[in-house]
$ cat target20.txt   # compact mmCIF, C-alpha atoms
# COMPACT_ATOMS: atom_id res chain seq x y z
CA MET X 1 -46.32 23.81 191.42
CA ARG X 2 -42.54 23.51 191.18
CA LEU X 3 -41.25 26.32 193.37
CA GLY X 4 -37.62 27.48 193.33
CA ILE X 5 -36.31 28.96 196.60
CA PHE X 6 -33.46 31.42 196.11
CA GLY X 7 -32.23 32.84 199.40
CA GLY X 8 -29.37 35.18 200.13
CA SER X 9 -28.42 38.56 201.50
CA PHE X 10 -28.94 40.20 198.05
CA ASN X 11 -26.72 43.07 199.18
CA PRO X 12 -27.62 44.21 196.54
CA ILE X 13 -29.38 41.95 194.03
CA HIS X 14 -27.54 42.03 190.69
CA LEU X 15 -27.83 40.73 187.13
CA GLY X 16 -25.84 37.59 188.02
CA HIS X 17 -28.52 36.58 190.55
CA MET X 18 -31.23 37.06 187.94
CA HIS X 19 -29.32 35.15 185.26
CA ILE X 20 -28.77 32.12 187.49
CA ALA X 21 -32.41 32.13 188.63
CA ARG X 22 -33.68 32.22 185.04
CA GLU X 23 -31.38 29.33 184.09
CA PHE X 24 -32.39 27.23 187.10
CA ALA X 25 -36.04 27.86 186.20
CA ARG X 26 -35.46 26.79 182.60
CA GLN X 27 -33.38 23.70 183.32
CA LEU X 28 -35.55 22.47 186.21
CA SER X 29 -38.91 23.44 184.66
CA LEU X 30 -39.79 25.61 187.65
CA ASP X 31 -43.13 27.42 187.68
CA GLU X 32 -41.93 30.18 190.00
CA VAL X 33 -38.75 31.36 191.71
CA LEU X 34 -39.05 33.02 195.11
CA PHE X 35 -36.19 35.39 196.04
CA ILE X 36 -35.97 35.51 199.84
CA PRO X 37 -33.62 38.13 201.32
CA THR X 38 -32.21 37.17 204.70
CA SER X 39 -33.13 39.13 207.79
CA THR X 40 -29.80 38.39 209.50
CA PRO X 41 -27.39 36.05 207.66
CA PRO X 42 -26.34 33.27 210.07
CA HIS X 43 -23.11 32.25 208.32
CA LYS X 44 -21.22 35.43 207.56
CA ARG X 45 -20.30 38.74 209.08
CA ALA X 46 -21.62 41.56 206.90
CA PRO X 47 -20.45 44.99 208.03
CA GLU X 48 -21.70 46.56 204.77
CA LEU X 49 -25.14 44.94 204.97
CA ALA X 50 -27.92 47.31 203.92
CA PRO X 51 -31.11 47.25 206.04
CA ALA X 52 -33.31 44.25 205.26
CA GLU X 53 -36.19 46.44 204.06
CA GLU X 54 -33.89 48.15 201.53
CA ARG X 55 -32.59 44.82 200.20
CA LEU X 56 -36.16 43.55 199.82
CA ALA X 57 -37.17 46.75 198.01
CA MET X 58 -34.27 46.33 195.57
CA CYS X 59 -35.31 42.73 194.89
CA ARG X 60 -38.88 43.84 194.16
CA LEU X 61 -37.63 46.54 191.79
CA ALA X 62 -35.29 44.14 189.99
CA LEU X 63 -38.00 41.53 189.49
CA GLN X 64 -40.55 43.88 187.93
CA GLY X 65 -41.38 42.45 184.53
CA GLU X 66 -40.25 38.94 185.53
CA PRO X 67 -43.59 37.11 185.69
CA ALA X 68 -42.19 33.88 187.14
CA MET X 69 -40.07 35.57 189.82
CA GLU X 70 -41.15 37.19 193.07
CA ALA X 71 -39.46 38.68 196.14
CA SER X 72 -40.70 37.42 199.52
CA ASP X 73 -40.53 39.10 202.94
CA LEU X 74 -40.91 35.74 204.70
CA GLU X 75 -37.58 35.90 206.58
CA LEU X 76 -37.95 39.60 207.34
CA ARG X 77 -41.35 38.98 208.93
CA ARG X 78 -39.91 36.16 211.00
CA GLY X 79 -36.91 38.27 212.10
CA GLY X 80 -33.77 37.05 213.85
CA LYS X 81 -31.22 34.79 212.18
CA SER X 82 -32.43 33.41 208.87
CA TYR X 83 -32.08 29.64 208.90
CA THR X 84 -32.96 27.84 205.68
CA ALA X 85 -34.47 24.89 207.56
CA ASP X 86 -37.00 27.21 209.26
CA THR X 87 -37.85 28.90 205.96
CA LEU X 88 -38.44 25.59 204.17
CA ARG X 89 -40.54 24.33 207.08
CA GLN X 90 -42.72 27.43 206.86
CA LEU X 91 -43.08 27.21 203.07
CA ALA X 92 -43.94 23.50 203.23
CA ALA X 93 -46.72 24.33 205.71
CA GLU X 94 -48.02 27.31 203.71
CA ARG X 95 -47.80 25.63 200.29
CA PRO X 96 -48.36 21.91 200.96
CA GLY X 97 -48.97 20.98 197.33
CA ASP X 98 -45.78 22.55 195.98
CA GLY X 99 -42.49 20.81 195.27
CA LEU X 100 -39.66 22.87 196.77
CA PHE X 101 -36.30 23.31 194.96
CA LEU X 102 -33.53 25.02 196.93
CA LEU X 103 -31.29 26.94 194.52
CA MET X 104 -27.67 27.78 195.33
CA GLY X 105 -24.17 28.32 193.99
CA GLU X 106 -21.09 26.18 194.43
CA ASP X 107 -19.81 27.80 197.64
CA MET X 108 -23.05 27.28 199.56
CA PHE X 109 -23.50 23.77 198.17
CA LEU X 110 -20.07 22.65 199.41
CA THR X 111 -20.92 23.61 203.02
CA LEU X 112 -24.54 22.46 203.19
CA GLN X 113 -23.85 19.59 205.60
CA ASN X 114 -22.65 22.19 208.15
CA TRP X 115 -25.85 24.25 208.06
CA TYR X 116 -28.52 24.29 210.75
CA HIS X 117 -30.53 21.02 210.49
CA PRO X 118 -29.12 19.87 207.10
CA GLN X 119 -31.14 16.65 207.09
CA GLU X 120 -34.36 18.65 207.51
CA ILE X 121 -33.32 20.83 204.55
CA CYS X 122 -32.68 17.71 202.46
CA ARG X 123 -36.02 16.22 203.46
CA LEU X 124 -38.05 19.32 202.59
CA ALA X 125 -36.48 20.40 199.29
CA ALA X 126 -34.53 19.13 196.32
CA ILE X 127 -31.03 20.65 196.37
CA CYS X 128 -30.10 22.35 193.10
CA ALA X 129 -26.64 23.83 192.58
CA ALA X 130 -24.48 25.29 189.84
CA PRO X 131 -20.66 25.61 189.74
CA ARG X 132 -19.04 29.04 190.00
CA SER X 133 -15.57 28.00 188.83
CA PRO X 134 -14.28 26.19 185.71
CA GLY X 135 -13.23 23.07 187.64
CA GLY X 136 -15.97 23.30 190.24
CA ARG X 137 -18.10 20.48 188.89
CA ARG X 138 -15.57 17.85 189.98
CA GLY X 139 -15.68 18.82 193.66
CA MET X 140 -19.44 19.15 193.50
CA GLU X 141 -19.85 15.55 192.33
CA GLY X 142 -18.23 14.34 195.57
CA GLN X 143 -20.46 16.64 197.61
CA LYS X 144 -23.51 15.35 195.71
CA ALA X 145 -22.68 11.81 196.83
CA LEU X 146 -22.22 12.96 200.44
CA LEU X 147 -25.58 14.78 200.50
CA GLU X 148 -27.37 11.89 198.83
CA GLY X 149 -26.09 9.82 201.74
CA LEU X 150 -28.09 12.19 203.97
CA GLY X 151 -31.18 11.45 201.90
CA ALA X 152 -30.96 14.50 199.63
CA ARG X 153 -32.27 14.74 196.08
CA VAL X 154 -29.55 16.67 194.25
CA SER X 155 -29.46 18.27 190.79
CA LEU X 156 -26.26 19.81 189.44
CA CYS X 157 -27.01 22.33 186.70
CA SER X 158 -24.51 23.70 184.17
CA ILE X 159 -25.05 27.46 184.14
CA SER X 160 -22.67 29.96 182.58
CA PHE X 161 -21.24 32.18 185.32
CA LEU X 162 -21.47 35.96 185.00
CA PRO X 163 -18.48 37.65 186.70
CA ILE X 164 -20.66 39.90 188.87
CA SER X 165 -20.84 39.95 192.66
CA SER X 166 -22.50 42.12 195.28
CA THR X 167 -19.00 43.02 196.50
CA LEU X 168 -18.16 44.31 193.01
CA VAL X 169 -21.35 46.38 192.91
CA ARG X 170 -20.68 47.93 196.34
CA GLN X 171 -17.12 48.81 195.33
CA ALA X 172 -18.37 50.45 192.13
CA VAL X 173 -20.72 52.59 194.22
CA LYS X 174 -17.83 53.65 196.49
CA ASP X 175 -15.74 54.50 193.41
CA GLY X 176 -18.54 56.58 191.91
CA ALA X 177 -18.61 54.30 188.85
CA SER X 178 -21.61 53.41 186.72
CA LEU X 179 -23.51 50.27 187.69
CA ALA X 180 -24.64 49.63 184.10
CA GLY X 181 -24.30 45.93 183.32
CA LEU X 182 -24.13 45.05 187.02
CA VAL X 183 -27.65 45.77 188.32
CA PRO X 184 -30.96 46.68 186.64
CA PRO X 185 -31.33 50.45 186.06
CA GLN X 186 -34.14 50.74 188.62
CA VAL X 187 -31.89 49.18 191.28
CA GLU X 188 -29.06 51.60 190.47
CA ALA X 189 -31.51 54.51 190.77
CA TYR X 190 -32.67 53.22 194.18
CA ILE X 191 -29.09 52.79 195.45
CA ARG X 192 -28.24 56.36 194.40
CA GLU X 193 -31.46 57.80 195.83
CA LYS X 194 -30.99 56.12 199.21
CA GLY X 195 -27.22 56.66 199.37
CA LEU X 196 -26.56 52.95 199.93
CA TYR X 197 -22.98 51.59 200.00
CA ALA X 198 -21.46 55.04 199.38
CA LYS X 199 -19.42 55.33 202.59
CA ARG X 200 -15.77 54.34 202.41
$ encode --input "target20.txt" --output "structure tokens"
Amino acid sequence: MRLGIFGGSFNPIHLGHMHIAREFARQLSLDEVLFIPTSTPPHKRAPELAPAEERLAMCRLALQGEPAMEASDLELRRGGKSYTADTLRQLAAERPGDGLFLLMGEDMFLTLQNWYHPQEICRLAAICAAPRSPGGRRGMEGQKALLEGLGARVSLCSISFLPISSTLVRQAVKDGASLAGLVPPQVEAYIREKGLYAKR
């Protein structure tokens, strides 16, 4: 099986995440995409981070009706800081026959060599990235060459970018605005019910 690994804080998951995952799956002929919310993100401070269980619940709600996509509690079960190398190691052990494809956007791709155990990441999974800016592809080509020097298998995919971010969603909640067109309706209902992101 060709398994896409899509990690992130998903704070909250939004339609942009789902769009990019569908496009990666189509372009790379993936059989399944696993959304893996972080327990504790290692690379960024997140003062507005919703509890991990809430972020996982929103992922599961968003992915209802998406037969080739699933939310995983792997990093939540492990606890502590969520390092991609550890996650890939665990998946490789649990699913030894699967090919692993690590999916990411431009910003993450451009810093991959600075992550925890980048060579282990490159050994365990193919690195698949898509630009988030009009001229982003140019800088990504140089990064591709650098990572291939570390032994990585790299695919750059052209995916149209939806101008949606988790920051935008959280601000809309604070402003009391509708989240239509930003998150699936069931995720908006969950955010409202739980009172997530409402504090200024």
$ closest_residue --input "target20.txt" --among "X:Leu34, X:Leu15, X:Ala130, X:Leu146" --to "Pro118 of chain X" --atoms "all atoms listed in the file"
X:Leu146
$ closest_residue --input "target20.txt" --among "X:Leu112, X:Cys59, X:Ala177, X:Ala126" --to "Phe10 of chain X" --atoms "only C-alpha atoms"
X:Cys59
$ residues_around --input "target20.txt" --residues "segment 82-94 of chain X" --least-positions-apart "6" --cutoff "10 Å" --atoms "only C-alpha atoms" --output "PyMOL selection string"
chain X and resi 3+5+7-9+36-43+74-76+100-102+115-125
$ residues_around --input "target20.txt" --residues "segment 60-69 of chain X" --least-positions-apart "3" --cutoff "9 Å" --atoms "all atoms listed in the file" --output "number ranges by chain"
X: 13-15, 18, 21-22, 25, 30-35, 55-57, 72, 183-187, 190
$ write_last_selection --input "target20.txt" --atoms "C-alpha atoms" --output "compact mmCIF listing (two decimals), keeping the file's coordinate frame"
# COMPACT_ATOMS: atom_id res chain seq x y z
CA ILE X 13 -29.38 41.95 194.03
CA HIS X 14 -27.54 42.03 190.69
CA LEU X 15 -27.83 40.73 187.13
CA MET X 18 -31.23 37.06 187.94
CA ALA X 21 -32.41 32.13 188.63
CA ARG X 22 -33.68 32.22 185.04
CA ALA X 25 -36.04 27.86 186.20
CA LEU X 30 -39.79 25.61 187.65
CA ASP X 31 -43.13 27.42 187.68
CA GLU X 32 -41.93 30.18 190.00
CA VAL X 33 -38.75 31.36 191.71
CA LEU X 34 -39.05 33.02 195.11
CA PHE X 35 -36.19 35.39 196.04
CA ARG X 55 -32.59 44.82 200.20
CA LEU X 56 -36.16 43.55 199.82
CA ALA X 57 -37.17 46.75 198.01
CA SER X 72 -40.70 37.42 199.52
CA VAL X 183 -27.65 45.77 188.32
CA PRO X 184 -30.96 46.68 186.64
CA PRO X 185 -31.33 50.45 186.06
CA GLN X 186 -34.14 50.74 188.62
CA VAL X 187 -31.89 49.18 191.28
CA TYR X 190 -32.67 53.22 194.18
$ closest_residue --input "target20.txt" --among "X:Pro51, X:Gly4, X:Gly16, X:Pro131" --to "Val169 of chain X" --atoms "only C-alpha atoms"
X:Gly16
$ closest_residue --input "target20.txt" --among "X:Asn11, X:Leu49, X:Arg2, X:Leu168" --to "Ser29 of chain X" --atoms "all atoms listed in the file"
X:Arg2
$ axis_aligned_box --input "target20.txt" --around "segment 143-159 of chain X" --padding-each-side "3 Å" --output "JSON"
{"center_x": -26.4, "center_y": 18.6, "center_z": 194.1, "size_x": 17.8, "size_y": 23.6, "size_z": 25.8}
$ closest_residue --input "target20.txt" --among "X:Gly105, X:Gly151, X:Gly79, X:Gly136" --to "Phe6 of chain X" --atoms "all atoms listed in the file"
X:Gly105
$ closest_residue --input "target20.txt" --among "X:Leu110, X:Leu162, X:Ile191, X:Leu103" --to "Gly142 of chain X" --atoms "only C-alpha atoms"
X:Leu110
$ atom_distance --input "target20.txt" --atom1 "atom CA of Arg78 of chain X" --atom2 "atom CA of Met58 of chain X"
19.3 Å
$ atom_distance --input "target20.txt" --atom1 "atom CA of Cys128 of chain X" --atom2 "atom CA of Ser155 of chain X"
4.7 Å
$ atom_distance --input "target20.txt" --atom1 "atom CA of Ile159 of chain X" --atom2 "atom CA of Glu188 of chain X"
25.3 Å
$ residues_near_point --input "target20.txt" --point "(-24.2, 53.9, 200.1)" --cutoff "10 Å" --atoms "only C-alpha atoms" --output "PyMOL selection string"
chain X and resi 48+50+170-171+173-174+191-200
